[in-house]
>>> print(open('input_33.pdb').read())   # PDB, C-alpha atoms, pLDDT in the B column
ATOM      1  CA  MET A   1     -48.467 -28.527  38.967  1.00 55.00           C
ATOM      2  CA  LYS A   2     -46.274 -25.715  37.584  1.00 58.00           C
ATOM      3  CA  ILE A   3     -43.553 -28.234  36.746  1.00 59.00           C
ATOM      4  CA  ILE A   4     -46.002 -30.350  34.750  1.00 56.00           C
ATOM      5  CA  ALA A   5     -47.184 -27.257  32.853  1.00 49.00           C
ATOM      6  CA  LEU A   6     -43.558 -26.334  32.135  1.00 45.00           C
ATOM      7  CA  ILE A   7     -42.766 -29.827  30.825  1.00 48.00           C
ATOM      8  CA  ILE A   8     -45.868 -29.822  28.629  1.00 48.00           C
ATOM      9  CA  GLY A   9     -44.898 -26.392  27.330  1.00 47.00           C
ATOM     10  CA  LEU A  10     -41.383 -27.552  26.499  1.00 42.00           C
ATOM     11  CA  LEU A  11     -42.693 -30.631  24.722  1.00 45.00           C
ATOM     12  CA  MET A  12     -45.083 -28.525  22.675  1.00 44.00           C
ATOM     13  CA  PHE A  13     -42.182 -26.392  21.466  1.00 53.00           C
ATOM     14  CA  ALA A  14     -39.664 -29.213  21.066  1.00 67.00           C
ATOM     15  CA  PRO A  15     -38.477 -29.357  17.461  1.00 65.00           C
ATOM     16  CA  LYS A  16     -40.177 -32.027  15.406  1.00 80.00           C
ATOM     17  CA  SER A  17     -37.938 -31.624  12.357  1.00 88.00           C
ATOM     18  CA  VAL A  18     -35.122 -29.448  11.043  1.00 94.00           C
ATOM     19  CA  TYR A  19     -37.811 -27.135   9.667  1.00 94.00           C
ATOM     20  CA  ASP A  20     -38.482 -25.846  13.189  1.00 91.00           C
ATOM     21  CA  PHE A  21     -35.137 -24.030  13.502  1.00 91.00           C
ATOM     22  CA  LYS A  22     -34.561 -20.378  12.699  1.00 90.00           C
ATOM     23  CA  LEU A  23     -31.082 -19.845  11.308  1.00 95.00           C
ATOM     24  CA  LYS A  24     -28.878 -17.069   9.954  1.00 97.00           C
ATOM     25  CA  ASN A  25     -27.001 -17.283   6.683  1.00 98.00           C
ATOM     26  CA  ILE A  26     -23.392 -16.250   6.160  1.00 98.00           C
ATOM     27  CA  ASP A  27     -24.584 -12.695   5.438  1.00 97.00           C
ATOM     28  CA  GLY A  28     -26.456 -12.529   8.761  1.00 97.00           C
ATOM     29  CA  LYS A  29     -29.927 -12.793   7.230  1.00 97.00           C
ATOM     30  CA  ASP A  30     -32.616 -15.062   8.662  1.00 96.00           C
ATOM     31  CA  PHE A  31     -33.382 -18.278   6.830  1.00 94.00           C
ATOM     32  CA  SER A  32     -35.067 -21.583   7.491  1.00 95.00           C
ATOM     33  CA  LEU A  33     -34.503 -25.058   6.159  1.00 95.00           C
ATOM     34  CA  ALA A  34     -38.302 -25.172   5.699  1.00 95.00           C
ATOM     35  CA  GLN A  35     -37.801 -23.352   2.399  1.00 96.00           C
ATOM     36  CA  TYR A  36     -36.352 -26.627   1.086  1.00 96.00           C
ATOM     37  CA  LYS A  37     -39.401 -28.798   1.880  1.00 96.00           C
ATOM     38  CA  GLY A  38     -39.806 -31.402  -0.831  1.00 96.00           C
ATOM     39  CA  LYS A  39     -36.042 -31.751  -1.357  1.00 97.00           C
ATOM     40  CA  LYS A  40     -33.399 -33.630   0.553  1.00 98.00           C
ATOM     41  CA  VAL A  41     -30.973 -31.430   2.489  1.00 98.00           C
ATOM     42  CA  LEU A  42     -27.368 -32.295   3.273  1.00 98.00           C
ATOM     43  CA  VAL A  43     -26.173 -30.384   6.345  1.00 98.00           C
ATOM     44  CA  VAL A  44     -22.369 -30.265   6.655  1.00 98.00           C
ATOM     45  CA  ASN A  45     -20.183 -28.697   9.330  1.00 98.00           C
ATOM     46  CA  THR A  46     -17.317 -27.127   7.416  1.00 98.00           C
ATOM     47  CA  ALA A  47     -13.918 -25.505   7.976  1.00 98.00           C
ATOM     48  CA  SER A  48     -11.488 -23.659   5.687  1.00 97.00           C
ATOM     49  CA  LYS A  49      -8.182 -24.950   7.072  1.00 97.00           C
ATOM     50  CA  CYS A  50      -8.834 -28.667   7.425  1.00 97.00           C
ATOM     51  CA  GLY A  51      -7.532 -31.721   5.620  1.00 97.00           C
ATOM     52  CA  TYR A  52     -11.124 -32.293   4.499  1.00 98.00           C
ATOM     53  CA  THR A  53     -11.555 -28.738   3.136  1.00 98.00           C
ATOM     54  CA  PRO A  54     -11.198 -29.952  -0.489  1.00 98.00           C
ATOM     55  CA  GLN A  55     -14.588 -31.637   0.048  1.00 98.00           C
ATOM     56  CA  TYR A  56     -16.043 -28.192  -0.716  1.00 98.00           C
ATOM     57  CA  ALA A  57     -15.370 -28.961  -4.396  1.00 98.00           C
ATOM     58  CA  GLU A  58     -17.255 -32.271  -4.217  1.00 98.00           C
ATOM     59  CA  LEU A  59     -20.066 -30.663  -2.245  1.00 98.00           C
ATOM     60  CA  GLN A  60     -20.471 -28.089  -5.004  1.00 98.00           C
ATOM     61  CA  LYS A  61     -20.379 -30.815  -7.657  1.00 98.00           C
ATOM     62  CA  LEU A  62     -22.998 -32.792  -5.723  1.00 98.00           C
ATOM     63  CA  ALA A  63     -25.162 -29.667  -5.426  1.00 98.00           C
ATOM     64  CA  ASP A  64     -24.932 -29.134  -9.181  1.00 98.00           C
ATOM     65  CA  LEU A  65     -25.612 -32.779 -10.080  1.00 97.00           C
ATOM     66  CA  TYR A  66     -28.677 -33.154  -7.858  1.00 97.00           C
ATOM     67  CA  LYS A  67     -29.966 -29.561  -7.849  1.00 96.00           C
ATOM     68  CA  ASP A  68     -33.535 -30.646  -8.581  1.00 96.00           C
ATOM     69  CA  LYS A  69     -33.796 -32.835  -5.492  1.00 97.00           C
ATOM     70  CA  LEU A  70     -31.005 -31.870  -3.063  1.00 98.00           C
ATOM     71  CA  VAL A  71     -29.815 -28.737  -1.283  1.00 98.00           C
ATOM     72  CA  ILE A  72     -26.495 -28.611   0.512  1.00 98.00           C
ATOM     73  CA  VAL A  73     -26.100 -26.232   3.434  1.00 98.00           C
ATOM     74  CA  GLY A  74     -22.656 -25.638   4.899  1.00 98.00           C
ATOM     75  CA  PHE A  75     -22.260 -24.634   8.537  1.00 98.00           C
ATOM     76  CA  PRO A  76     -18.756 -23.233   9.162  1.00 98.00           C
ATOM     77  CA  ALA A  77     -17.512 -24.126  12.641  1.00 98.00           C
ATOM     78  CA  ASN A  78     -14.297 -23.518  14.547  1.00 97.00           C
ATOM     79  CA  ASN A  79     -14.632 -26.414  17.000  1.00 97.00           C
ATOM     80  CA  PHE A  80     -11.785 -28.607  15.776  1.00 97.00           C
ATOM     81  CA  GLY A  81      -8.186 -27.432  15.854  1.00 95.00           C
ATOM     82  CA  GLN A  82      -9.180 -23.788  15.262  1.00 96.00           C
ATOM     83  CA  GLN A  83      -9.567 -24.667  11.566  1.00 97.00           C
ATOM     84  CA  GLU A  84     -12.213 -22.021  10.867  1.00 97.00           C
ATOM     85  CA  PRO A  85     -10.745 -18.877  12.411  1.00 94.00           C
ATOM     86  CA  GLY A  86     -12.132 -16.333   9.941  1.00 94.00           C
ATOM     87  CA  ALA A  87     -15.135 -14.042  10.084  1.00 97.00           C
ATOM     88  CA  ASN A  88     -18.233 -14.848   8.038  1.00 98.00           C
ATOM     89  CA  SER A  89     -17.204 -12.527   5.194  1.00 97.00           C
ATOM     90  CA  GLU A  90     -13.755 -14.163   4.989  1.00 98.00           C
ATOM     91  CA  ILE A  91     -15.288 -17.646   4.970  1.00 98.00           C
ATOM     92  CA  LYS A  92     -17.715 -16.712   2.192  1.00 98.00           C
ATOM     93  CA  THR A  93     -14.934 -15.206   0.052  1.00 98.00           C
ATOM     94  CA  PHE A  94     -12.667 -18.213   0.648  1.00 98.00           C
ATOM     95  CA  CYS A  95     -15.381 -20.703  -0.370  1.00 98.00           C
ATOM     96  CA  GLN A  96     -16.361 -18.807  -3.518  1.00 97.00           C
ATOM     97  CA  LYS A  97     -12.798 -18.002  -4.632  1.00 98.00           C
ATOM     98  CA  ASN A  98     -11.225 -21.411  -3.985  1.00 98.00           C
ATOM     99  CA  TYR A  99     -14.102 -23.833  -4.579  1.00 98.00           C
ATOM    100  CA  GLY A 100     -16.756 -21.916  -6.516  1.00 98.00           C
ATOM    101  CA  VAL A 101     -19.278 -22.536  -3.735  1.00 98.00           C
ATOM    102  CA  THR A 102     -22.777 -21.373  -4.606  1.00 98.00           C
ATOM    103  CA  PHE A 103     -24.727 -23.564  -2.169  1.00 98.00           C
ATOM    104  CA  PRO A 104     -26.042 -21.870   0.993  1.00 98.00           C
ATOM    105  CA  LEU A 105     -23.734 -21.258   3.935  1.00 98.00           C
ATOM    106  CA  SER A 106     -24.848 -20.377   7.438  1.00 98.00           C
ATOM    107  CA  GLU A 107     -23.159 -17.975   9.769  1.00 98.00           C
ATOM    108  CA  LYS A 108     -20.250 -19.515  11.706  1.00 98.00           C
ATOM    109  CA  VAL A 109     -21.645 -21.730  14.478  1.00 98.00           C
ATOM    110  CA  SER A 110     -20.524 -24.109  17.191  1.00 97.00           C
ATOM    111  CA  VAL A 111     -21.307 -27.777  16.533  1.00 98.00           C
ATOM    112  CA  LYS A 112     -20.403 -29.179  19.963  1.00 96.00           C
ATOM    113  CA  GLY A 113     -19.886 -28.177  23.559  1.00 95.00           C
ATOM    114  CA  ASP A 114     -21.826 -25.888  25.856  1.00 94.00           C
ATOM    115  CA  ASP A 115     -22.514 -23.386  23.075  1.00 96.00           C
ATOM    116  CA  ILE A 116     -23.686 -25.968  20.513  1.00 96.00           C
ATOM    117  CA  TYR A 117     -25.988 -24.467  17.899  1.00 95.00           C
ATOM    118  CA  PRO A 118     -29.536 -25.787  18.546  1.00 94.00           C
ATOM    119  CA  LEU A 119     -29.802 -27.390  15.094  1.00 96.00           C
ATOM    120  CA  PHE A 120     -26.685 -29.475  15.762  1.00 96.00           C
ATOM    121  CA  LYS A 121     -27.870 -30.458  19.231  1.00 94.00           C
ATOM    122  CA  TYR A 122     -31.008 -31.761  17.550  1.00 94.00           C
ATOM    123  CA  LEU A 123     -29.105 -33.520  14.724  1.00 96.00           C
ATOM    124  CA  THR A 124     -26.608 -35.229  17.022  1.00 95.00           C
ATOM    125  CA  GLU A 125     -29.413 -36.570  19.224  1.00 92.00           C
ATOM    126  CA  ALA A 126     -32.005 -37.409  16.531  1.00 89.00           C
ATOM    127  CA  PRO A 127     -32.558 -41.102  15.849  1.00 87.00           C
ATOM    128  CA  ASN A 128     -31.149 -42.394  12.588  1.00 87.00           C
ATOM    129  CA  PRO A 129     -29.922 -45.777  11.327  1.00 86.00           C
ATOM    130  CA  ASP A 130     -26.251 -44.803  11.609  1.00 89.00           C
ATOM    131  CA  PHE A 131     -25.199 -43.320  14.949  1.00 87.00           C
ATOM    132  CA  THR A 132     -25.860 -40.480  17.376  1.00 91.00           C
ATOM    133  CA  GLY A 133     -23.601 -38.456  19.614  1.00 93.00           C
ATOM    134  CA  GLU A 134     -21.095 -35.689  19.378  1.00 95.00           C
ATOM    135  CA  ILE A 135     -19.587 -34.620  16.083  1.00 97.00           C
ATOM    136  CA  LYS A 136     -16.011 -35.907  15.890  1.00 96.00           C
ATOM    137  CA  TRP A 137     -14.506 -33.561  13.245  1.00 98.00           C
ATOM    138  CA  ASN A 138     -15.152 -31.140  10.402  1.00 98.00           C
ATOM    139  CA  PHE A 139     -17.212 -32.212   7.385  1.00 98.00           C
ATOM    140  CA  GLU A 140     -19.594 -34.602   9.096  1.00 98.00           C
ATOM    141  CA  LYS A 141     -22.735 -34.863   7.004  1.00 98.00           C
ATOM    142  CA  PHE A 142     -26.401 -35.152   7.964  1.00 98.00           C
ATOM    143  CA  LEU A 143     -28.853 -36.189   5.253  1.00 97.00           C
ATOM    144  CA  ILE A 144     -32.371 -34.883   5.803  1.00 97.00           C
ATOM    145  CA  ASP A 145     -35.360 -36.268   3.893  1.00 97.00           C
ATOM    146  CA  GLU A 146     -37.979 -34.261   2.001  1.00 97.00           C
ATOM    147  CA  ASN A 147     -40.062 -33.956   5.187  1.00 95.00           C
ATOM    148  CA  GLY A 148     -37.302 -32.538   7.400  1.00 94.00           C
ATOM    149  CA  ASN A 149     -36.271 -35.746   9.165  1.00 93.00           C
ATOM    150  CA  LEU A 150     -32.705 -36.965   9.633  1.00 94.00           C
ATOM    151  CA  ILE A 151     -32.309 -40.189   7.671  1.00 94.00           C
ATOM    152  CA  HIS A 152     -28.537 -40.730   7.546  1.00 96.00           C
ATOM    153  CA  ARG A 153     -25.377 -39.415   9.120  1.00 97.00           C
ATOM    154  CA  PHE A 154     -21.893 -39.751   7.691  1.00 97.00           C
ATOM    155  CA  ARG A 155     -18.495 -39.183   9.265  1.00 97.00           C
ATOM    156  CA  SER A 156     -15.961 -36.818   7.725  1.00 98.00           C
ATOM    157  CA  ALA A 157     -14.127 -39.440   5.672  1.00 98.00           C
ATOM    158  CA  THR A 158     -17.270 -40.195   3.636  1.00 98.00           C
ATOM    159  CA  THR A 159     -16.834 -37.967   0.617  1.00 98.00           C
ATOM    160  CA  PRO A 160     -19.820 -36.155  -0.862  1.00 98.00           C
ATOM    161  CA  LEU A 161     -19.729 -38.098  -4.152  1.00 98.00           C
ATOM    162  CA  SER A 162     -19.155 -41.498  -2.528  1.00 97.00           C
ATOM    163  CA  PRO A 163     -21.625 -44.282  -3.307  1.00 97.00           C
ATOM    164  CA  GLU A 164     -22.296 -44.585   0.443  1.00 96.00           C
ATOM    165  CA  LEU A 165     -23.926 -41.165   0.289  1.00 97.00           C
ATOM    166  CA  THR A 166     -25.209 -40.828  -3.274  1.00 97.00           C
ATOM    167  CA  LYS A 167     -27.183 -44.094  -3.110  1.00 96.00           C
ATOM    168  CA  TYR A 168     -29.720 -42.193  -0.972  1.00 96.00           C
ATOM    169  CA  LEU A 169     -30.247 -39.506  -3.595  1.00 95.00           C
TER     170      LEU A 169
END
>>> encode(input="input_33.pdb", output="structure tokens")
Amino acid sequence: MKIIALIIGLLMFAPKSVYDFKLKNIDGKDFSLAQYKGKKVLVVNTASKCGYTPQYAELQKLADLYKDKLVIVGFPANNFGQQEPGANSEIKTFCQKNYGVTFPLSEKVSVKGDDIYPLFKYLTEAPNPDFTGEIKWNFEKFLIDENGNLIHRFRSATTPLSPELTKYL
């Protein structure tokens, strides 16, 4: 009987959308994706020393072009080739200085493995028309609809301004 109660309790608190996660921004302050209800959100795992790092410029351009209906949130992660070794303050400075990033950044997180950040566990398991499973590299993108549901996932090679992505905006 206790096991059934535990399972019911877990199901009651299981995330129903990305809005259910409490996060910290790059400055260590609490934030929630729920503040972006009514807009699409593009969640991207980022890194400062990666071949895909120049995508920061396109991400910023995308954020500027679609600012009325899209928010981009970068999640720095050091899971692939130690390509995000810096502290949060260093990452923030790097992004602003080199790419003029003004879109929100989270604190540095883990996007795979035993210490996977809960949001990314949810995103990599959530049904979508593309694929599920572990993130393969930096700059994978997760497009969330206006109601907090994952609607598309893109691998790293899909650039932010590509028609494959922008057709959903």
>>> atom_distance(input="input_33.pdb", atom1="CA of Pro160 (chain A)", atom2="CA of Phe139 (chain A)")
9.5 Å
>>> closest_residue(input="input_33.pdb", among="A:Thr93, A:Ser17, A:Thr158, A:Thr53", to="Ala126 (chain A)", atoms="only C-alpha atoms")
A:Ser17
>>> residues_around(input="input_33.pdb", residues="Tyr117 (chain A)", least_positions_apart="6", cutoff="12 Å", atoms="all atoms listed in the file", output="short mmCIF file (atom, residue, chain, number, x, y, z; two decimals) with C-alpha atoms, in the frame of the given file")
data_model
loop_
_atom_site.label_atom_id
_atom_site.label_comp_id
_atom_site.auth_asym_id
_atom_site.auth_seq_id
_atom_site.Cartn_x
_atom_site.Cartn_y
_atom_site.Cartn_z
CA PHE A 21 -35.14 -24.03 13.50
CA LYS A 22 -34.56 -20.38 12.70
CA LEU A 23 -31.08 -19.84 11.31
CA LYS A 24 -28.88 -17.07 9.95
CA ASN A 45 -20.18 -28.70 9.33
CA PHE A 75 -22.26 -24.63 8.54
CA PRO A 76 -18.76 -23.23 9.16
CA ALA A 77 -17.51 -24.13 12.64
CA ASN A 79 -14.63 -26.41 17.00
CA SER A 106 -24.85 -20.38 7.44
CA GLU A 107 -23.16 -17.98 9.77
CA LYS A 108 -20.25 -19.52 11.71
CA VAL A 109 -21.64 -21.73 14.48
CA SER A 110 -20.52 -24.11 17.19
CA VAL A 111 -21.31 -27.78 16.53
CA LEU A 123 -29.10 -33.52 14.72
CA THR A 124 -26.61 -35.23 17.02
#
>>> resolve_selection(input="input_33.pdb", expression="the PyMOL selection byres ((chain A and resi 57) around 12)", output="PyMOL selection string")
chain A and resi 52-56+58-64+95-103+159-161
>>> closest_residue(input="input_33.pdb", among="A:Glu90, A:Glu84, A:Asp68, A:Asp30", to="Cys50 (chain A)", atoms="all atoms listed in the file")
A:Glu84
>>> atom_distance(input="input_33.pdb", atom1="CA of Glu125 (chain A)", atom2="CA of Ala157 (chain A)")
20.6 Å
>>> axis_aligned_box(input="input_33.pdb", around="region 148-161 of chain A", padding_each_side="4 Å", output="JSON")
{"center_x": -25.7, "center_y": -36.6, "center_z": 2.7, "size_x": 31.2, "size_y": 16.2, "size_z": 21.8}
>>> closest_residue(input="input_33.pdb", among="A:Leu70, A:Ile91, A:Val18, A:Leu169", to="Gly38 (chain A)", atoms="all atoms listed in the file")
A:Leu70
>>> atom_distance(input="input_33.pdb", atom1="CA of Gly148 (chain A)", atom2="CA of Tyr19 (chain A)")
5.9 Å
>>> closest_residue(input="input_33.pdb", among="A:Leu65, A:Ala34, A:Leu119, A:Leu105", to="Thr166 (chain A)", atoms="all atoms listed in the file")
A:Leu65
>>> closest_residue(input="input_33.pdb", among="A:Lys121, A:Lys49, A:Lys167, A:Lys112", to="Pro85 (chain A)", atoms="only C-alpha atoms")
A:Lys49
>>> closest_residue(input="input_33.pdb", among="A:Asn128, A:Pro118, A:Glu140, A:Gln83", to="Asp20 (chain A)", atoms="only C-alpha atoms")
A:Pro118
